[in-house]
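Coordinates as given in protein.pdb (PDB, C-alpha atoms, pLDDT in the B column):
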```pdb
ATOM      1  CA  LYS A   1      91.057  73.191  67.649  1.00 97.00           C
ATOM      2  CA  THR A   2      90.716  76.948  67.615  1.00 98.00           C
ATOM      3  CA  PHE A   3      87.204  78.270  67.097  1.00 98.00           C
ATOM      4  CA  ALA A   4      85.702  81.713  66.467  1.00 97.00           C
ATOM      5  CA  GLY A   5      86.532  84.192  69.177  1.00 95.00           C
ATOM      6  CA  ASN A   6      90.005  82.597  69.413  1.00 95.00           C
ATOM      7  CA  LYS A   7      88.654  79.851  71.696  1.00 96.00           C
ATOM      8  CA  VAL A   8      91.112  76.974  71.936  1.00 97.00           C
ATOM      9  CA  VAL A   9      89.473  73.628  72.720  1.00 98.00           C
ATOM     10  CA  SER A  10      91.314  70.468  73.741  1.00 98.00           C
ATOM     11  CA  ALA A  11      90.857  67.031  72.225  1.00 98.00           C
ATOM     12  CA  ALA A  12      89.644  65.800  75.633  1.00 98.00           C
ATOM     13  CA  THR A  13      86.850  68.401  75.622  1.00 98.00           C
ATOM     14  CA  LEU A  14      85.856  67.476  72.067  1.00 98.00           C
ATOM     15  CA  ASN A  15      85.816  63.772  72.985  1.00 98.00           C
ATOM     16  CA  LEU A  16      83.580  64.500  75.984  1.00 98.00           C
ATOM     17  CA  GLY A  17      81.438  66.609  73.657  1.00 98.00           C
ATOM     18  CA  LYS A  18      81.110  63.796  71.138  1.00 98.00           C
ATOM     19  CA  ASN A  19      80.174  61.249  73.818  1.00 98.00           C
ATOM     20  CA  SER A  20      77.657  63.668  75.342  1.00 98.00           C
ATOM     21  CA  TYR A  21      76.242  64.573  71.919  1.00 98.00           C
ATOM     22  CA  ILE A  22      75.676  60.874  71.234  1.00 98.00           C
ATOM     23  CA  LYS A  23      73.882  60.516  74.562  1.00 97.00           C
ATOM     24  CA  TYR A  24      71.684  63.646  74.408  1.00 96.00           C
ATOM     25  CA  CYS A  25      71.510  65.086  70.891  1.00 97.00           C
ATOM     26  CA  ILE A  26      72.020  62.495  68.165  1.00 97.00           C
ATOM     27  CA  SER A  27      68.431  61.209  68.055  1.00 96.00           C
ATOM     28  CA  CYS A  28      67.170  64.555  66.745  1.00 97.00           C
ATOM     29  CA  HIS A  29      70.227  66.273  65.267  1.00 97.00           C
ATOM     30  CA  GLY A  30      71.748  63.168  63.693  1.00 97.00           C
ATOM     31  CA  GLU A  31      75.176  61.562  63.629  1.00 98.00           C
ATOM     32  CA  LYS A  32      76.466  64.167  61.165  1.00 98.00           C
ATOM     33  CA  GLY A  33      74.751  67.108  62.906  1.00 98.00           C
ATOM     34  CA  ASP A  34      72.572  67.634  59.844  1.00 98.00           C
ATOM     35  CA  GLY A  35      69.225  67.490  61.671  1.00 96.00           C
ATOM     36  CA  ASN A  36      68.450  64.018  60.306  1.00 96.00           C
ATOM     37  CA  GLY A  37      68.410  61.957  63.475  1.00 96.00           C
ATOM     38  CA  ILE A  38      66.096  58.990  63.929  1.00 96.00           C
ATOM     39  CA  ALA A  39      63.508  61.170  65.728  1.00 95.00           C
ATOM     40  CA  SER A  40      63.707  64.014  63.199  1.00 92.00           C
ATOM     41  CA  LYS A  41      61.028  62.616  60.906  1.00 90.00           C
ATOM     42  CA  GLY A  42      58.334  63.585  63.377  1.00 90.00           C
ATOM     43  CA  LEU A  43      59.648  67.019  64.327  1.00 93.00           C
ATOM     44  CA  ILE A  44      57.920  70.211  63.256  1.00 90.00           C
ATOM     45  CA  PRO A  45      59.849  72.442  63.045  1.00 91.00           C
ATOM     46  CA  PRO A  46      62.767  70.192  62.129  1.00 93.00           C
ATOM     47  CA  ALA A  47      65.867  69.878  64.283  1.00 95.00           C
ATOM     48  CA  ARG A  48      68.619  72.440  63.659  1.00 94.00           C
ATOM     49  CA  ASP A  49      71.112  71.448  60.948  1.00 97.00           C
ATOM     50  CA  PHE A  50      74.448  72.313  62.554  1.00 97.00           C
ATOM     51  CA  THR A  51      76.381  71.659  59.322  1.00 97.00           C
ATOM     52  CA  LYS A  52      75.107  74.924  57.823  1.00 95.00           C
ATOM     53  CA  GLY A  53      76.609  77.048  60.571  1.00 93.00           C
ATOM     54  CA  ILE A  54      73.463  79.205  60.620  1.00 90.00           C
ATOM     55  CA  TYR A  55      71.894  80.004  63.966  1.00 87.00           C
ATOM     56  CA  LYS A  56      68.562  81.696  64.365  1.00 79.00           C
ATOM     57  CA  PHE A  57      68.399  82.138  68.134  1.00 74.00           C
ATOM     58  CA  GLY A  58      71.662  83.862  69.002  1.00 73.00           C
ATOM     59  CA  ARG A  59      71.598  87.207  70.728  1.00 89.00           C
ATOM     60  CA  VAL A  60      73.748  88.748  68.017  1.00 91.00           C
ATOM     61  CA  ALA A  61      72.967  90.674  64.855  1.00 86.00           C
ATOM     62  CA  THR A  62      71.743  88.600  61.917  1.00 82.00           C
ATOM     63  CA  GLY A  63      74.606  86.771  60.242  1.00 85.00           C
ATOM     64  CA  GLY A  64      76.897  86.948  63.267  1.00 92.00           C
ATOM     65  CA  LEU A  65      78.057  83.861  65.095  1.00 95.00           C
ATOM     66  CA  PRO A  66      76.410  83.332  68.473  1.00 95.00           C
ATOM     67  CA  HIS A  67      78.432  83.259  71.669  1.00 96.00           C
ATOM     68  CA  ASP A  68      78.727  80.071  73.710  1.00 97.00           C
ATOM     69  CA  GLU A  69      76.341  81.585  76.278  1.00 95.00           C
ATOM     70  CA  ASP A  70      73.631  81.689  73.582  1.00 95.00           C
ATOM     71  CA  PHE A  71      73.966  77.923  73.099  1.00 96.00           C
ATOM     72  CA  TYR A  72      74.022  77.368  76.862  1.00 97.00           C
ATOM     73  CA  GLN A  73      70.736  79.251  77.245  1.00 95.00           C
ATOM     74  CA  ILE A  74      69.046  77.133  74.574  1.00 95.00           C
ATOM     75  CA  ILE A  75      70.335  73.904  76.113  1.00 96.00           C
ATOM     76  CA  ARG A  76      69.310  74.954  79.645  1.00 96.00           C
ATOM     77  CA  GLU A  77      65.910  76.422  78.739  1.00 95.00           C
ATOM     78  CA  GLY A  78      64.897  74.605  75.549  1.00 94.00           C
ATOM     79  CA  LEU A  79      63.034  76.320  72.719  1.00 92.00           C
ATOM     80  CA  ALA A  80      59.316  76.927  73.068  1.00 89.00           C
ATOM     81  CA  GLY A  81      57.307  75.690  70.112  1.00 88.00           C
ATOM     82  CA  THR A  82      59.928  73.121  69.151  1.00 92.00           C
ATOM     83  CA  ALA A  83      60.977  69.658  70.302  1.00 93.00           C
ATOM     84  CA  MET A  84      64.144  71.143  71.857  1.00 94.00           C
ATOM     85  CA  LEU A  85      63.856  70.188  75.506  1.00 92.00           C
ATOM     86  CA  LYS A  86      65.479  71.688  78.587  1.00 96.00           C
ATOM     87  CA  TRP A  87      68.564  69.690  79.506  1.00 96.00           C
ATOM     88  CA  ASP A  88      69.863  69.460  83.058  1.00 96.00           C
ATOM     89  CA  ILE A  89      73.513  68.639  82.445  1.00 96.00           C
ATOM     90  CA  SER A  90      76.727  69.817  84.036  1.00 97.00           C
ATOM     91  CA  ASP A  91      78.409  72.997  82.818  1.00 97.00           C
ATOM     92  CA  GLU A  92      81.458  70.967  81.738  1.00 98.00           C
ATOM     93  CA  ARG A  93      79.390  68.565  79.646  1.00 98.00           C
ATOM     94  CA  MET A  94      77.298  71.382  78.174  1.00 97.00           C
ATOM     95  CA  ASP A  95      80.386  73.346  77.113  1.00 98.00           C
ATOM     96  CA  ALA A  96      81.855  70.194  75.578  1.00 98.00           C
ATOM     97  CA  ILE A  97      78.680  69.607  73.545  1.00 98.00           C
ATOM     98  CA  VAL A  98      78.712  73.202  72.286  1.00 98.00           C
ATOM     99  CA  GLN A  99      82.337  72.900  71.203  1.00 98.00           C
ATOM    100  CA  TYR A 100      81.630  69.574  69.485  1.00 98.00           C
ATOM    101  CA  ILE A 101      78.632  71.067  67.640  1.00 98.00           C
ATOM    102  CA  LYS A 102      80.993  73.627  66.118  1.00 98.00           C
ATOM    103  CA  THR A 103      82.953  70.824  64.427  1.00 98.00           C
ATOM    104  CA  PHE A 104      79.965  70.136  62.164  1.00 98.00           C
ATOM    105  CA  ALA A 105      80.531  73.492  60.381  1.00 98.00           C
ATOM    106  CA  PRO A 106      84.325  73.864  60.219  1.00 98.00           C
ATOM    107  CA  ASN A 107      84.268  76.584  57.547  1.00 97.00           C
ATOM    108  CA  THR A 108      82.074  78.688  59.806  1.00 96.00           C
ATOM    109  CA  TRP A 109      83.721  78.059  63.173  1.00 97.00           C
ATOM    110  CA  GLU A 110      87.310  76.877  62.839  1.00 97.00           C
ATOM    111  CA  GLY A 111      90.228  79.287  62.804  1.00 96.00           C
ATOM    112  CA  ALA A 112      91.573  82.132  64.899  1.00 93.00           C
ATOM    113  CA  ASP A 113      90.439  84.534  62.154  1.00 95.00           C
ATOM    114  CA  LYS A 114      86.740  83.757  62.763  1.00 96.00           C
ATOM    115  CA  THR A 115      84.903  86.293  64.898  1.00 95.00           C
ATOM    116  CA  LEU A 116      81.802  86.136  67.051  1.00 95.00           C
ATOM    117  CA  GLY A 117      78.845  88.412  66.368  1.00 94.00           C
ATOM    118  CA  ASP A 118      78.411  91.696  68.172  1.00 93.00           C
ATOM    119  CA  PRO A 119      75.957  91.254  71.040  1.00 91.00           C
ATOM    120  CA  ILE A 120      72.598  92.952  70.657  1.00 91.00           C
ATOM    121  CA  VAL A 121      72.062  95.312  73.557  1.00 89.00           C
ATOM    122  CA  PRO A 122      68.377  96.105  74.048  1.00 87.00           C
ATOM    123  CA  SER A 123      67.526  99.771  74.420  1.00 89.00           C
ATOM    124  CA  ALA A 124      65.972 101.055  77.595  1.00 91.00           C
ATOM    125  CA  ASN A 125      62.197 100.710  77.901  1.00 88.00           C
ATOM    126  CA  PRO A 126      60.845 104.080  76.737  1.00 87.00           C
ATOM    127  CA  PHE A 127      57.675 103.654  78.778  1.00 88.00           C
ATOM    128  CA  VAL A 128      59.249 103.286  82.228  1.00 91.00           C
ATOM    129  CA  GLY A 129      57.589 105.997  84.271  1.00 92.00           C
ATOM    130  CA  ASN A 130      55.065 106.521  81.469  1.00 91.00           C
ATOM    131  CA  GLU A 131      52.967 103.407  81.932  1.00 93.00           C
ATOM    132  CA  GLU A 132      49.706 105.224  81.131  1.00 93.00           C
ATOM    133  CA  LYS A 133      51.114 106.242  77.734  1.00 91.00           C
ATOM    134  CA  ALA A 134      52.201 102.645  77.158  1.00 92.00           C
ATOM    135  CA  VAL A 135      48.710 101.326  77.850  1.00 92.00           C
ATOM    136  CA  ALA A 136      47.150 103.978  75.597  1.00 91.00           C
ATOM    137  CA  ARG A 137      49.588 103.166  72.780  1.00 92.00           C
ATOM    138  CA  GLY A 138      48.921  99.449  73.233  1.00 92.00           C
ATOM    139  CA  LYS A 139      45.186 100.066  72.818  1.00 91.00           C
ATOM    140  CA  GLU A 140      45.853 102.004  69.599  1.00 92.00           C
ATOM    141  CA  VAL A 141      48.114  99.323  68.179  1.00 93.00           C
ATOM    142  CA  PHE A 142      45.678  96.539  69.105  1.00 92.00           C
ATOM    143  CA  HIS A 143      42.559  98.246  67.770  1.00 90.00           C
ATOM    144  CA  VAL A 144      43.775 100.309  64.800  1.00 90.00           C
ATOM    145  CA  VAL A 145      47.391  99.713  63.749  1.00 91.00           C
ATOM    146  CA  SER A 146      47.651  95.911  63.821  1.00 88.00           C
ATOM    147  CA  ASN A 147      43.986  95.170  63.168  1.00 78.00           C
ATOM    148  CA  CYS A 148      43.883  92.612  65.953  1.00 88.00           C
ATOM    149  CA  THR A 149      40.116  93.084  66.053  1.00 84.00           C
ATOM    150  CA  THR A 150      39.757  91.207  62.785  1.00 83.00           C
ATOM    151  CA  CYS A 151      40.157  88.056  64.901  1.00 85.00           C
ATOM    152  CA  HIS A 152      39.888  89.275  68.501  1.00 88.00           C
ATOM    153  CA  ARG A 153      37.130  91.160  70.193  1.00 88.00           C
ATOM    154  CA  ALA A 154      37.529  94.926  70.689  1.00 89.00           C
ATOM    155  CA  TYR A 155      37.503  96.113  74.283  1.00 89.00           C
ATOM    156  CA  VAL A 156      36.867  99.834  73.732  1.00 91.00           C
ATOM    157  CA  SER A 157      33.684 101.660  72.867  1.00 91.00           C
ATOM    158  CA  HIS A 158      32.774 102.475  69.276  1.00 89.00           C
ATOM    159  CA  GLU A 159      33.332 106.164  70.051  1.00 90.00           C
ATOM    160  CA  GLU A 160      36.836 105.509  71.438  1.00 91.00           C
ATOM    161  CA  LEU A 161      37.643 103.331  68.407  1.00 90.00           C
ATOM    162  CA  ASN A 162      36.637 106.190  66.099  1.00 90.00           C
ATOM    163  CA  GLN A 163      38.799 108.642  68.051  1.00 91.00           C
ATOM    164  CA  MET A 164      41.821 106.347  67.765  1.00 92.00           C
ATOM    165  CA  SER A 165      41.249 105.901  64.047  1.00 91.00           C
ATOM    166  CA  LYS A 166      40.977 109.682  63.537  1.00 91.00           C
ATOM    167  CA  LYS A 167      44.225 110.203  65.443  1.00 93.00           C
ATOM    168  CA  ILE A 168      46.179 107.529  63.557  1.00 92.00           C
ATOM    169  CA  ASN A 169      44.547 107.389  60.104  1.00 90.00           C
ATOM    170  CA  ASN A 170      42.965 110.852  59.964  1.00 91.00           C
ATOM    171  CA  THR A 171      39.638 109.143  59.339  1.00 88.00           C
ATOM    172  CA  PRO A 172      37.064 107.606  61.650  1.00 83.00           C
ATOM    173  CA  ILE A 173      36.014 103.973  61.407  1.00 79.00           C
ATOM    174  CA  THR A 174      32.475 105.146  60.622  1.00 70.00           C
ATOM    175  CA  GLU A 175      30.861 108.575  60.373  1.00 58.00           C
TER     176      GLU A 175
END
```

Step by step, read the file and then write its structure as structure tokens.
Amino acid sequence: KTFAGNKVVSAATLNLGKNSYIKYCISCHGEKGDGNGIASKGLIPPARDFTKGIYKFGRVATGGLPHDEDFYQIIREGLAGTAMLKWDISDERMDAIVQYIKTFAPNTWEGADKTLGDPIVPSANPFVGNEEKAVARGKEVFHVVSNCTTCHRAYVSHEELNQMSKKINNTPITE
């Protein structure tokens, strides 16, 4: 098969992928890749439904197809806050699983005309060399902009809180 990004995958790789998927993935993601495996009933959030061809954790712009490396990272590292575990499997087996997963959403993945999403390249940290400004801005965001103090305790004086509020909102917290 030929997948997005003009990646040609052999039948042998897809067979290894299917066998590996059955061993490692089927209990959560299901036989059809629809997220309805035997263990899925107890998962919050639910297992990814591969048949939709929608991926939330790729390092590409929204709507773009993730690169294989994005899948590899999820398989190697798991997903915090979900039942997706870290898997210690060989690179060959992992690549085969990723290619097999693509077969669940043929309209999304199959064909030389399908393209991968443009990678998101993070901008440089604007506070490198200006760490004091970063800390000051963090205090302002915590105390005034995001209203974190509605649940968390403030760690600045009342006077400093008023000064921040004047600077950001043109009004003090209290007179």

Next item on the list: Within 8 Å of region 97-107 of chain A, counting all atoms listed in the file, which residues show up once you throw out same-chain ones fewer than 5 positions away? Write them as a ChimeraX atom specification, please.
Entry: /A:3,9,13-18,20-21,32-33,50-53,68,71-72

Restrict the selected residues to C-alpha atoms and save them as a compact mmCIF listing (two decimals), keeping the file's coordinate frame.
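Output file out.txt follows:
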```txt
# COMPACT_ATOMS: atom_id res chain seq x y z
CA PHE A 3 87.20 78.27 67.10
CA VAL A 9 89.47 73.63 72.72
CA THR A 13 86.85 68.40 75.62
CA LEU A 14 85.86 67.48 72.07
CA ASN A 15 85.82 63.77 72.98
CA LEU A 16 83.58 64.50 75.98
CA GLY A 17 81.44 66.61 73.66
CA LYS A 18 81.11 63.80 71.14
CA SER A 20 77.66 63.67 75.34
CA TYR A 21 76.24 64.57 71.92
CA LYS A 32 76.47 64.17 61.16
CA GLY A 33 74.75 67.11 62.91
CA PHE A 50 74.45 72.31 62.55
CA THR A 51 76.38 71.66 59.32
CA LYS A 52 75.11 74.92 57.82
CA GLY A 53 76.61 77.05 60.57
CA ASP A 68 78.73 80.07 73.71
CA PHE A 71 73.97 77.92 73.10
CA TYR A 72 74.02 77.37 76.86
```

Next item on the list: Could you give me, as a PyMOL selection string, the residues within 12 Å of region 121-126 of chain A, counting all atoms listed in the file and dropping anything in the same chain fewer than 2 positions from it?
Entry: chain A and resi 59-61+118-119+128-131+133-134+137

Margin query: At a cut-off of 10 Å around the point (67.8, 81.9, 67.5) (file coordinates), what residues fall inside when counting all atoms listed in the file? I'd like the answer as an NGL selection string.
Written below: :A and (54-60 or 62 or 66 or 70-71 or 74 or 79)

Item checked: Contacts of Gly30 (chain A) within 9 Å, only C-alpha atoms, excl. fewer than 6 positions in-chain, as a PyMOL selection string -> chain A and resi 22+36-40+47+49

Take the PyMOL selection byres ((chain A and resi 143-154) around 10), apply it to the structure above, and return the hits as a PDB file with C-alpha atoms, in the frame of the given file.
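Done, and the output landed in out.pdb:
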```
ATOM      1  CA  ARG A 137      49.588 103.166  72.780  1.00 92.00           C
ATOM      2  CA  GLY A 138      48.921  99.449  73.233  1.00 92.00           C
ATOM      3  CA  LYS A 139      45.186 100.066  72.818  1.00 91.00           C
ATOM      4  CA  GLU A 140      45.853 102.004  69.599  1.00 92.00           C
ATOM      5  CA  VAL A 141      48.114  99.323  68.179  1.00 93.00           C
ATOM      6  CA  PHE A 142      45.678  96.539  69.105  1.00 92.00           C
ATOM      7  CA  TYR A 155      37.503  96.113  74.283  1.00 89.00           C
ATOM      8  CA  VAL A 156      36.867  99.834  73.732  1.00 91.00           C
ATOM      9  CA  SER A 157      33.684 101.660  72.867  1.00 91.00           C
ATOM     10  CA  HIS A 158      32.774 102.475  69.276  1.00 89.00           C
ATOM     11  CA  GLU A 160      36.836 105.509  71.438  1.00 91.00           C
ATOM     12  CA  LEU A 161      37.643 103.331  68.407  1.00 90.00           C
ATOM     13  CA  ASN A 162      36.637 106.190  66.099  1.00 90.00           C
ATOM     14  CA  MET A 164      41.821 106.347  67.765  1.00 92.00           C
ATOM     15  CA  SER A 165      41.249 105.901  64.047  1.00 91.00           C
ATOM     16  CA  LYS A 166      40.977 109.682  63.537  1.00 91.00           C
ATOM     17  CA  LYS A 167      44.225 110.203  65.443  1.00 93.00           C
ATOM     18  CA  ILE A 168      46.179 107.529  63.557  1.00 92.00           C
ATOM     19  CA  ASN A 169      44.547 107.389  60.104  1.00 90.00           C
ATOM     20  CA  ILE A 173      36.014 103.973  61.407  1.00 79.00           C
TER      21      ILE A 173
END
```

Next item on the list: Let me know the residues the PyMOL selection byres ((chain A and resi 83-87) around 10) catches in the file above, as an NGL selection string.
Entry: :A and (24-25 or 28 or 39-40 or 42-48 or 72-82 or 88-90 or 94)

Margin query: Please report the interatomic distance between CA of Glu69 (chain A) and CA of Glu31 (chain A) in Å with one decimal.
Written below: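 One can read the CA of Glu69 (chain A) to CA of Glu31 (chain A) distance as 23.7 Å.
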
Around all the atoms of region 147-154 of chain A listed in the file, with 3 Å of room on each side, what axis-aligned box do you get, giving centre and edge lengths in Å to one decimal, as AutoDock Vina command-line options?
```
--center_x 40.6 --center_y 91.6 --center_z 66.7 --size_x 12.9 --size_y 13.1 --size_z 13.9
```
